[in-house]
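File shown: query_6.cif (mmCIF, C-alpha atoms).
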```cif
data_target
loop_
_atom_site.label_atom_id
_atom_site.label_comp_id
_atom_site.auth_asym_id
_atom_site.auth_seq_id
_atom_site.Cartn_x
_atom_site.Cartn_y
_atom_site.Cartn_z
CA MET A 850 -20.81 13.60 51.02
CA MET A 851 -17.35 12.39 50.15
CA GLN A 852 -16.40 12.75 46.48
CA GLN A 853 -15.29 9.55 44.75
CA PRO A 854 -11.65 9.84 43.61
CA SER A 855 -11.25 9.97 39.87
CA PRO A 856 -9.08 7.36 38.20
CA SER A 857 -5.60 8.43 37.13
CA ARG A 858 -4.04 7.22 33.93
CA SER A 859 -0.59 5.78 33.65
CA LYS A 860 1.23 4.34 30.67
CA THR A 861 2.32 0.76 30.28
CA LEU A 862 4.43 -0.63 27.47
CA ILE A 863 3.29 -3.80 25.72
CA ARG A 864 5.07 -5.92 23.12
CA ARG A 865 3.24 -5.35 19.86
CA HIS A 866 5.52 -6.32 16.95
CA SER A 867 8.17 -9.03 16.72
CA LEU A 868 11.62 -8.26 15.31
CA LEU A 869 10.91 -10.03 12.03
CA VAL A 870 7.62 -8.17 11.52
CA ARG A 871 9.40 -4.86 12.13
CA VAL A 872 12.26 -5.64 9.73
CA THR A 873 9.97 -6.85 6.95
CA HIS A 874 7.76 -3.77 7.44
CA TRP A 875 10.64 -1.36 6.81
CA VAL A 876 11.95 -3.42 3.89
CA ASN A 877 8.45 -3.24 2.41
CA ALA A 878 8.39 0.53 2.89
CA LEU A 879 11.68 0.90 1.02
CA CYS A 880 10.54 -1.44 -1.76
CA PHE A 881 7.21 0.36 -2.20
CA ALA A 882 8.92 3.74 -2.54
CA VAL A 883 11.42 2.55 -5.16
CA LEU A 884 8.85 0.43 -7.02
CA LEU A 885 6.43 3.34 -7.23
CA MET A 886 8.98 5.82 -8.59
CA SER A 887 10.61 3.36 -11.00
CA GLY A 888 7.19 2.09 -12.06
CA LEU A 889 6.11 5.60 -13.03
CA GLN A 890 9.34 5.88 -15.04
CA ILE A 891 8.37 2.70 -16.94
CA PHE A 892 4.79 3.92 -17.39
CA ASN A 893 6.07 7.16 -18.92
CA ALA A 894 7.53 5.18 -21.84
CA HIS A 895 3.98 4.29 -22.92
CA PRO A 896 1.44 6.16 -20.76
CA ARG A 897 -1.64 4.23 -21.87
CA LEU A 898 -3.49 1.21 -20.49
CA TYR A 899 -5.46 -1.36 -22.47
CA VAL A 900 -7.75 -4.32 -21.88
CA GLY A 901 -7.43 -7.32 -24.18
CA LEU A 902 -4.77 -9.23 -26.05
CA TYR A 903 -3.28 -6.25 -27.86
CA GLY A 904 -2.15 -2.77 -26.89
CA ALA A 905 -0.47 -0.30 -29.23
CA ASP A 906 -0.72 3.27 -30.45
CA HIS A 907 -3.60 2.52 -32.82
CA GLU A 908 -5.68 0.79 -30.10
CA GLN A 909 -8.20 2.67 -27.95
CA PRO A 910 -6.83 2.84 -24.37
CA VAL A 911 -9.05 2.65 -21.29
CA PHE A 912 -6.73 5.09 -19.52
CA GLU A 913 -4.24 7.61 -20.87
CA ILE A 914 -2.01 10.45 -19.71
CA GLY A 915 -1.00 12.55 -22.69
CA ASN A 916 -0.49 15.98 -24.14
CA ARG A 917 -1.58 17.94 -27.17
CA GLN A 918 -0.14 21.33 -28.13
CA GLN A 919 1.54 21.71 -24.70
CA GLN A 920 -1.71 20.88 -22.93
CA GLY A 921 -1.55 17.92 -20.55
CA PHE A 922 -4.59 15.73 -19.97
CA VAL A 923 -5.74 12.55 -18.24
CA ARG A 924 -8.40 10.48 -19.98
CA LEU A 925 -10.39 7.66 -18.40
CA GLY A 926 -12.83 6.21 -20.92
CA SER A 927 -14.76 9.19 -22.25
CA LEU A 928 -13.89 11.45 -19.30
CA GLN A 929 -10.98 13.84 -19.88
CA LEU A 930 -9.40 16.29 -17.43
CA ASN A 931 -6.90 19.07 -18.10
CA THR A 932 -3.79 18.42 -15.96
CA THR A 933 -1.26 20.80 -17.51
CA GLY A 934 1.61 21.52 -15.11
CA VAL A 935 1.26 18.21 -13.25
CA LEU A 936 0.42 15.28 -15.53
CA GLY A 937 1.03 15.11 -19.27
CA VAL A 938 2.96 18.37 -19.28
CA SER A 939 5.06 19.45 -16.29
CA LYS A 940 7.82 21.93 -15.55
CA LEU A 941 11.45 20.78 -15.69
CA GLU A 942 14.07 23.42 -14.88
CA GLY A 943 11.56 26.16 -15.56
CA THR A 944 10.35 24.88 -18.95
CA LEU A 945 7.29 22.82 -19.80
CA THR A 946 8.18 19.22 -20.66
CA ALA A 947 5.89 16.61 -22.20
CA ARG A 948 5.95 13.69 -19.72
CA ALA A 949 3.12 11.64 -18.25
CA PHE A 950 4.41 11.85 -14.66
CA PRO A 951 6.78 14.69 -13.62
CA GLY A 952 10.48 14.01 -13.01
CA TRP A 953 10.26 14.53 -9.24
CA LEU A 954 8.01 11.45 -9.04
CA THR A 955 10.13 9.08 -11.16
CA LEU A 956 13.35 7.13 -10.67
CA PRO A 957 15.57 8.28 -12.26
CA SER A 958 14.20 11.80 -12.61
CA TRP A 959 15.13 11.99 -16.31
CA GLN A 960 13.59 9.76 -18.96
CA ASP A 961 15.52 6.46 -18.92
CA LEU A 962 13.44 3.31 -19.43
CA GLY A 963 16.39 0.93 -19.02
CA ALA A 964 17.43 2.35 -15.65
CA GLY A 965 13.83 2.38 -14.46
CA ARG A 966 13.41 -1.29 -15.36
CA HIS A 967 16.62 -2.24 -13.52
CA TRP A 968 15.47 -0.47 -10.34
CA HIS A 969 11.97 -1.90 -10.66
CA PHE A 970 12.93 -5.54 -11.20
CA PHE A 971 15.56 -5.60 -8.44
CA PHE A 972 13.20 -4.23 -5.78
CA ALA A 973 10.30 -6.33 -7.08
CA TRP A 974 12.30 -9.50 -6.37
CA LEU A 975 13.36 -8.07 -2.98
CA LEU A 976 9.69 -7.41 -2.16
CA LEU A 977 8.78 -10.95 -3.21
CA PHE A 978 11.46 -12.61 -1.05
CA ASN A 979 10.65 -10.31 1.87
CA GLY A 980 6.97 -11.17 1.53
CA VAL A 981 7.64 -14.91 1.48
CA ILE A 982 9.66 -14.62 4.70
CA TYR A 983 6.83 -12.62 6.33
CA LEU A 984 4.20 -15.15 5.23
CA LEU A 985 6.18 -18.13 6.49
CA HIS A 986 6.73 -16.39 9.82
CA GLY A 987 3.08 -15.37 10.04
CA PHE A 988 1.76 -18.88 9.46
CA TRP A 989 4.39 -20.58 11.63
CA HIS A 990 3.75 -18.31 14.62
CA ARG A 991 -0.02 -18.07 13.96
CA HIS A 992 0.27 -14.30 13.59
CA PHE A 993 -2.50 -14.13 10.99
CA ARG A 994 -4.93 -16.28 12.96
CA ARG A 995 -4.15 -14.67 16.32
CA ASP A 996 -3.76 -10.99 15.34
CA LEU A 997 -5.40 -10.43 11.94
CA LEU A 998 -8.38 -12.76 11.72
CA PRO A 999 -11.50 -10.85 12.86
CA ASP A 1000 -13.97 -12.65 15.11
CA ARG A 1001 -17.72 -12.89 14.54
CA GLN A 1002 -18.51 -9.95 16.78
CA GLN A 1003 -16.08 -7.69 14.90
CA LEU A 1004 -17.66 -8.65 11.57
CA GLY A 1005 -21.12 -7.58 12.68
CA ALA A 1006 -22.63 -4.78 10.60
CA ARG A 1007 -23.33 -2.61 13.66
CA HIS A 1008 -19.78 -3.02 14.97
CA LEU A 1009 -18.20 -2.22 11.58
CA TRP A 1010 -20.38 0.86 11.17
CA GLN A 1011 -19.41 2.07 14.65
CA GLU A 1012 -15.72 1.67 13.80
CA ILE A 1013 -16.18 3.60 10.55
CA CYS A 1014 -17.87 6.42 12.47
CA ASP A 1015 -15.15 6.42 15.14
CA HIS A 1016 -12.40 6.62 12.51
CA ALA A 1017 -14.22 9.44 10.70
CA ARG A 1018 -14.31 11.37 14.01
CA LEU A 1019 -10.66 10.44 14.72
CA ARG A 1020 -11.63 8.47 17.80
CA PHE A 1021 -9.20 5.62 18.41
CA ALA A 1022 -9.07 2.73 20.85
CA ARG A 1023 -7.56 3.43 24.26
CA GLY A 1024 -6.47 1.30 27.16
CA GLU A 1025 -6.86 -2.46 26.86
CA ALA A 1026 -8.75 -2.13 23.56
CA ALA A 1027 -5.56 -0.75 21.97
CA ARG A 1028 -3.74 -4.04 22.58
CA ARG A 1029 -5.28 -5.55 19.43
CA TYR A 1030 -6.15 -4.41 15.93
CA ASN A 1031 -9.68 -3.29 15.26
CA ALA A 1032 -11.84 -4.87 12.55
CA LEU A 1033 -11.08 -2.25 9.90
CA GLN A 1034 -7.34 -2.70 10.42
CA LYS A 1035 -7.62 -6.48 10.26
CA LEU A 1036 -9.73 -6.49 7.09
CA SER A 1037 -7.53 -3.94 5.31
CA TYR A 1038 -4.31 -5.81 6.21
CA LEU A 1039 -5.77 -9.14 5.07
CA LEU A 1040 -6.93 -7.54 1.81
CA VAL A 1041 -3.47 -6.12 1.14
CA ILE A 1042 -1.49 -9.21 2.19
CA PHE A 1043 -3.57 -11.91 0.54
CA ILE A 1044 -5.23 -10.18 -2.44
CA LEU A 1045 -3.68 -6.89 -3.59
CA LEU A 1046 0.00 -7.76 -3.13
CA PRO A 1047 -0.20 -11.23 -4.74
CA LEU A 1048 -2.24 -9.80 -7.63
CA MET A 1049 0.25 -6.97 -8.14
CA LEU A 1050 3.23 -9.34 -8.05
CA LEU A 1051 1.61 -11.92 -10.34
CA SER A 1052 0.56 -9.32 -12.91
CA GLY A 1053 4.06 -7.80 -12.72
CA LEU A 1054 5.71 -11.15 -13.35
CA THR A 1055 3.43 -11.56 -16.37
CA LEU A 1056 5.02 -8.47 -17.89
CA SER A 1057 8.44 -10.16 -18.01
CA PRO A 1058 9.06 -11.74 -21.46
CA ALA A 1059 11.55 -14.18 -19.93
CA LEU A 1060 9.00 -15.45 -17.42
CA ASP A 1061 6.30 -15.59 -20.10
CA ALA A 1062 8.59 -17.87 -22.11
CA ALA A 1063 9.22 -20.09 -19.09
CA LEU A 1064 5.59 -19.96 -17.86
CA PRO A 1065 3.45 -19.39 -20.99
CA PHE A 1066 0.19 -19.69 -19.04
CA LEU A 1067 0.81 -16.40 -17.21
CA PRO A 1068 -0.61 -14.03 -19.90
CA ASP A 1069 -3.68 -16.25 -20.26
CA LEU A 1070 -4.51 -15.73 -16.58
CA PHE A 1071 -5.19 -12.05 -17.32
CA GLY A 1072 -6.46 -12.33 -20.88
CA GLY A 1073 -3.26 -10.89 -22.37
CA ARG A 1074 -0.22 -8.91 -21.29
CA PRO A 1075 -1.92 -5.51 -21.91
CA THR A 1076 -4.65 -6.47 -19.42
CA ALA A 1077 -1.99 -7.66 -16.96
CA ARG A 1078 -0.31 -4.24 -17.23
CA THR A 1079 -3.62 -2.54 -16.47
CA VAL A 1080 -4.22 -4.83 -13.48
CA HIS A 1081 -0.68 -4.11 -12.29
CA PHE A 1082 -1.27 -0.35 -12.50
CA VAL A 1083 -4.67 -0.52 -10.76
CA THR A 1084 -3.45 -2.71 -7.88
CA ALA A 1085 -0.39 -0.50 -7.46
CA THR A 1086 -2.68 2.55 -7.29
CA LEU A 1087 -4.85 0.88 -4.64
CA LEU A 1088 -1.73 0.05 -2.62
CA VAL A 1089 -0.60 3.67 -2.82
CA LEU A 1090 -4.02 4.75 -1.49
CA PHE A 1091 -3.71 2.21 1.32
CA VAL A 1092 -0.26 3.53 2.26
CA LEU A 1093 -1.51 7.14 2.26
CA VAL A 1094 -4.44 6.26 4.55
CA HIS A 1095 -2.08 4.20 6.73
CA VAL A 1096 0.34 7.13 7.11
CA VAL A 1097 -2.51 9.53 7.96
CA MET A 1098 -3.81 7.12 10.62
CA VAL A 1099 -0.31 6.79 12.07
CA LEU A 1100 -0.02 10.58 12.30
CA VAL A 1101 -3.41 11.28 13.88
CA SER A 1102 -3.42 8.32 16.29
CA GLY A 1103 0.01 9.08 17.78
CA LEU A 1104 3.10 9.39 15.61
CA PHE A 1105 5.73 8.77 18.31
CA ASN A 1106 3.91 5.82 19.86
CA ASN A 1107 3.34 4.14 16.48
CA LEU A 1108 6.91 4.71 15.32
CA ARG A 1109 8.27 3.34 18.59
CA SER A 1110 6.18 0.21 18.21
CA MET A 1111 7.53 -0.39 14.70
CA ILE A 1112 11.14 0.33 15.72
CA THR A 1113 11.44 -1.17 19.21
CA GLY A 1114 8.33 -3.36 19.21
CA ARG A 1115 6.95 -1.60 22.30
CA TYR A 1116 3.60 0.21 22.27
CA ALA A 1117 2.29 2.40 25.11
CA ILE A 1118 -1.31 2.01 26.25
CA ASP A 1119 -3.26 3.81 28.97
CA LYS A 1120 -3.72 1.92 32.21
CA GLU A 1121 -6.33 3.16 34.68
CA ASP A 1122 -5.39 3.08 38.34
CA THR A 1123 -8.09 4.09 40.85
CA PRO A 1124 -6.47 5.57 43.98
CA SER A 1125 -7.63 4.24 47.35
#
```
Kindly return the structure encoded in the file as structure tokens.
Amino acid sequence: MMQQPSPSRSKTLIRRHSLLVRVTHWVNALCFAVLLMSGLQIFNAHPRLYVGLYGADHEQPVFEIGNRQQQGFVRLGSLQLNTTGVLGVSKLEGTLTARAFPGWLTLPSWQDLGAGRHWHFFFAWLLLFNGVIYLLHGFWHRHFRRDLLPDRQQLGARHLWQEICDHARLRFARGEAARRYNALQKLSYLLVIFILLPLMLLSGLTLSPALDAALPFLPDLFGGRPTARTVHFVTATLLVLFVLVHVVMVLVSGLFNNLRSMITGRYAIDKEDTPS
């Protein structure tokens, strides 16, 4: 009995990302890095978060990074963790220094609130303008509807659960299925683009006294500037978690292929060819 020939796999390059999507992606990456480090510099000036109209030293914070007798701690509500050496108290040039976040995570590395604010505001506006360009392009070319809007089948509970299991086992789409985003990618991108990023930017704008004077309704949207600062910190933290998961997925699903697609726009997929 003649054995059936097994299919051989070859690679074919497809166009995955337009030039504008690639440029705005890398601008976003730069902005996120600078905003994170400068934001931690600003947070270090008053490392406490409040909910309500007022927030000062005599108020009870909902979150705090502090130190007491050279012991660093992080407190969330009634839960407190000892974080000496990392948060609250960290080493700077071999000596313990009382700082919420260590110098290697902040921009600049030394304590300088003014410089941190300058870096933060400049790249916040750059992120905003970059985001507006991306949104206009996405709507004009139907990128969101065509590439990011999940269909009914993808939103099914069984399908979503299968994708979660596949991701947990590091099983990723191959062949023709890799031409499009899966449901988890689509939902996470939509959440970031249309909820987390606008909320982070709006809460950040609320923290500007000049904008509060020009748009006095901004603090009322969040129930006070202290609450807006807390929302800003929480959304920024969620975005950092998203970026970390995104980077891990890029690494485990094919670093070179993913980088090439975001630099040249070309993405390689497997194409099965059955020999005659």
**Report entry** Pairwise distance for CA of Leu985 (chain A) and CA of Leu1040 (chain A), rounded to one decimal in Å
**Finding:**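 These two atoms are separated by 17.5 Å.
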**Report entry** Point-to-point distance in Å for CA of Leu1054 (chain A) and CA of Ser887 (chain A)
**Finding:** 15.5 Å
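Using all atoms listed in the file, the nearest neighbour of Val1083 (chain A) within the list A:Asn877, A:Ser1052, A:Ser867, A:Thr861 is A:Ser1052.
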Report summary line: For Leu879 (chain A), the closest of A:Trp953, A:Leu975, A:Asp1069, A:Trp1010 counting only C-alpha atoms is A:Leu975
Query - Arg1109 (chain A) environment, 12 Å, only C-alpha atoms, sequence neighbours closer than 5 positions dropped, as a list in words - result: Leu862, Ile863, Arg864, Arg865, His866, Arg871, Val1099, Gly1103, Leu1104, Gly1114, Arg1115, Tyr1116 and Ala1117 of chain A
Report task. Given the file shown, enumerate the residues that the PyMOL selection byres ((chain A and resi 913) around 10) captures and present them as a ChimeraX atom specification. Result -> /A:895-899,909-912,914-916,922-926,929,937,949
**Report entry** Within-7 Å shell of (1.2, -6.3, -14.8) in input frame, only C-alpha atoms, as a PyMOL selection string
**Finding:** chain A and resi 1049+1052-1056+1077-1082
Report task. Could you give me, as a PyMOL selection string, the residues within 10 Å of Ala1026 (chain A), counting only C-alpha atoms and dropping anything in the same chain fewer than 5 positions from it? Result -> chain A and resi 1021+1031+1118-1119
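Of the listed residues A:Thr946, A:Leu1033, A:Gln918, A:Val872, the one whose atoms come nearest to Ser1110 (chain A) is A:Val872, with distances taken using all atoms listed in the file.
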Report task. To one decimal in Å, tell me the separation between CA of Arg995 (chain A) and CA of Thr1086 (chain A). Result -> 29.3 Å
Requested in this report: Would you translate the PyMOL selection byres ((chain A and resi 902) around 9) into the concrete set of residues it matches in this file, as a VMD selection string?
Outcome: chain A and resid 899 to 901 903 to 904 1068 1072 to 1076
Requested in this report: May I ask which of the residues A:Gly987, A:Ser1057, A:Asn1107, A:Leu977 is the closest one to Ala1027 (chain A), counting only C-alpha atoms?
Outcome: A:Asn1107
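In this comparison, which uses all atoms listed in the file, the residue of A:Trp974, A:Tyr983, A:Phe993, A:Phe892 approaching Gln960 (chain A) most closely is A:Phe892.
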Query - Residue among A:Arg966, A:Arg1018, A:His992, A:Arg948 lying closest to Gln920 (chain A), counting all atoms listed in the file - result: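 The closest residue to Gln920 (chain A) is A:Arg948.
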Report task. Just the residues within 8 Å of region 1034-1036 of chain A, please, counting all atoms listed in the file, with nothing from its chain fewer than 3 positions along; format it as a PyMOL selection string. Result -> chain A and resi 996-999+1030-1031+1039-1040
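Here the PyMOL selection byres ((chain A and resi 941) around 12) captures the residues Gly934, Val935, Val938, Ser939, Lys940, Glu942, Gly943, Thr944, Leu945, Thr946, Ala947, Arg948, Phe950, Pro951, Gly952, Trp953, Leu954, Ser958, Trp959 and Gln960 of chain A.
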Can you spit out region 870-922 of chain A with C-alpha atoms, as a PDB file, in the first residue's frame, from the structure just given?
```pdb
ATOM      1  CA  VAL A 870       0.272  51.811  12.542  1.00  0.00           C
ATOM      2  CA  ARG A 871       3.944  50.845  12.859  1.00  0.00           C
ATOM      3  CA  VAL A 872       5.128  54.420  13.446  1.00  0.00           C
ATOM      4  CA  THR A 873       2.437  55.182  16.032  1.00  0.00           C
ATOM      5  CA  HIS A 874       3.199  51.868  17.781  1.00  0.00           C
ATOM      6  CA  TRP A 875       6.861  52.773  18.320  1.00  0.00           C
ATOM      7  CA  VAL A 876       6.018  56.337  19.340  1.00  0.00           C
ATOM      8  CA  ASN A 877       3.619  54.868  21.896  1.00  0.00           C
ATOM      9  CA  ALA A 878       6.349  52.548  23.189  1.00  0.00           C
ATOM     10  CA  LEU A 879       8.709  55.495  23.698  1.00  0.00           C
ATOM     11  CA  CYS A 880       5.986  57.583  25.364  1.00  0.00           C
ATOM     12  CA  PHE A 881       4.981  54.764  27.722  1.00  0.00           C
ATOM     13  CA  ALA A 882       8.567  54.246  28.872  1.00  0.00           C
ATOM     14  CA  VAL A 883       9.191  57.937  29.594  1.00  0.00           C
ATOM     15  CA  LEU A 884       5.735  58.486  31.113  1.00  0.00           C
ATOM     16  CA  LEU A 885       6.168  55.529  33.449  1.00  0.00           C
ATOM     17  CA  MET A 886       9.584  56.590  34.737  1.00  0.00           C
ATOM     18  CA  SER A 887       8.715  60.287  35.039  1.00  0.00           C
ATOM     19  CA  GLY A 888       5.359  59.393  36.592  1.00  0.00           C
ATOM     20  CA  LEU A 889       7.077  57.394  39.326  1.00  0.00           C
ATOM     21  CA  GLN A 890       9.318  60.425  39.927  1.00  0.00           C
ATOM     22  CA  ILE A 891       6.187  62.568  40.434  1.00  0.00           C
ATOM     23  CA  PHE A 892       4.576  59.912  42.641  1.00  0.00           C
ATOM     24  CA  ASN A 893       7.671  59.863  44.867  1.00  0.00           C
ATOM     25  CA  ALA A 894       6.987  63.486  45.862  1.00  0.00           C
ATOM     26  CA  HIS A 895       3.812  62.322  47.643  1.00  0.00           C
ATOM     27  CA  PRO A 896       3.616  58.509  47.609  1.00  0.00           C
ATOM     28  CA  ARG A 897       0.013  58.211  48.787  1.00  0.00           C
ATOM     29  CA  LEU A 898      -3.314  57.857  46.988  1.00  0.00           C
ATOM     30  CA  TYR A 899      -6.698  59.089  48.197  1.00  0.00           C
ATOM     31  CA  VAL A 900     -10.351  58.880  47.237  1.00  0.00           C
ATOM     32  CA  GLY A 901     -12.511  61.976  47.684  1.00  0.00           C
ATOM     33  CA  LEU A 902     -12.233  65.727  47.421  1.00  0.00           C
ATOM     34  CA  TYR A 903      -9.217  66.102  49.678  1.00  0.00           C
ATOM     35  CA  GLY A 904      -5.841  64.428  50.014  1.00  0.00           C
ATOM     36  CA  ALA A 905      -3.099  65.501  52.413  1.00  0.00           C
ATOM     37  CA  ASP A 906      -0.798  64.135  55.073  1.00  0.00           C
ATOM     38  CA  HIS A 907      -3.513  64.048  57.735  1.00  0.00           C
ATOM     39  CA  GLU A 908      -5.955  62.116  55.495  1.00  0.00           C
ATOM     40  CA  GLN A 909      -6.133  58.310  55.463  1.00  0.00           C
ATOM     41  CA  PRO A 910      -4.760  57.070  52.105  1.00  0.00           C
ATOM     42  CA  VAL A 911      -6.148  54.029  50.299  1.00  0.00           C
ATOM     43  CA  PHE A 912      -2.640  53.207  49.079  1.00  0.00           C
ATOM     44  CA  GLU A 913       0.766  54.201  50.400  1.00  0.00           C
ATOM     45  CA  ILE A 914       4.446  53.452  49.892  1.00  0.00           C
ATOM     46  CA  GLY A 915       6.399  54.655  52.897  1.00  0.00           C
ATOM     47  CA  ASN A 916       9.115  53.975  55.417  1.00  0.00           C
ATOM     48  CA  ARG A 917       9.518  53.954  59.158  1.00  0.00           C
ATOM     49  CA  GLN A 918      12.876  53.604  60.925  1.00  0.00           C
ATOM     50  CA  GLN A 919      14.600  52.538  57.668  1.00  0.00           C
ATOM     51  CA  GLN A 920      11.929  49.918  57.020  1.00  0.00           C
ATOM     52  CA  GLY A 921      10.099  50.247  53.706  1.00  0.00           C
ATOM     53  CA  PHE A 922       6.481  49.163  53.359  1.00  0.00           C
TER      54      PHE A 922
END
```
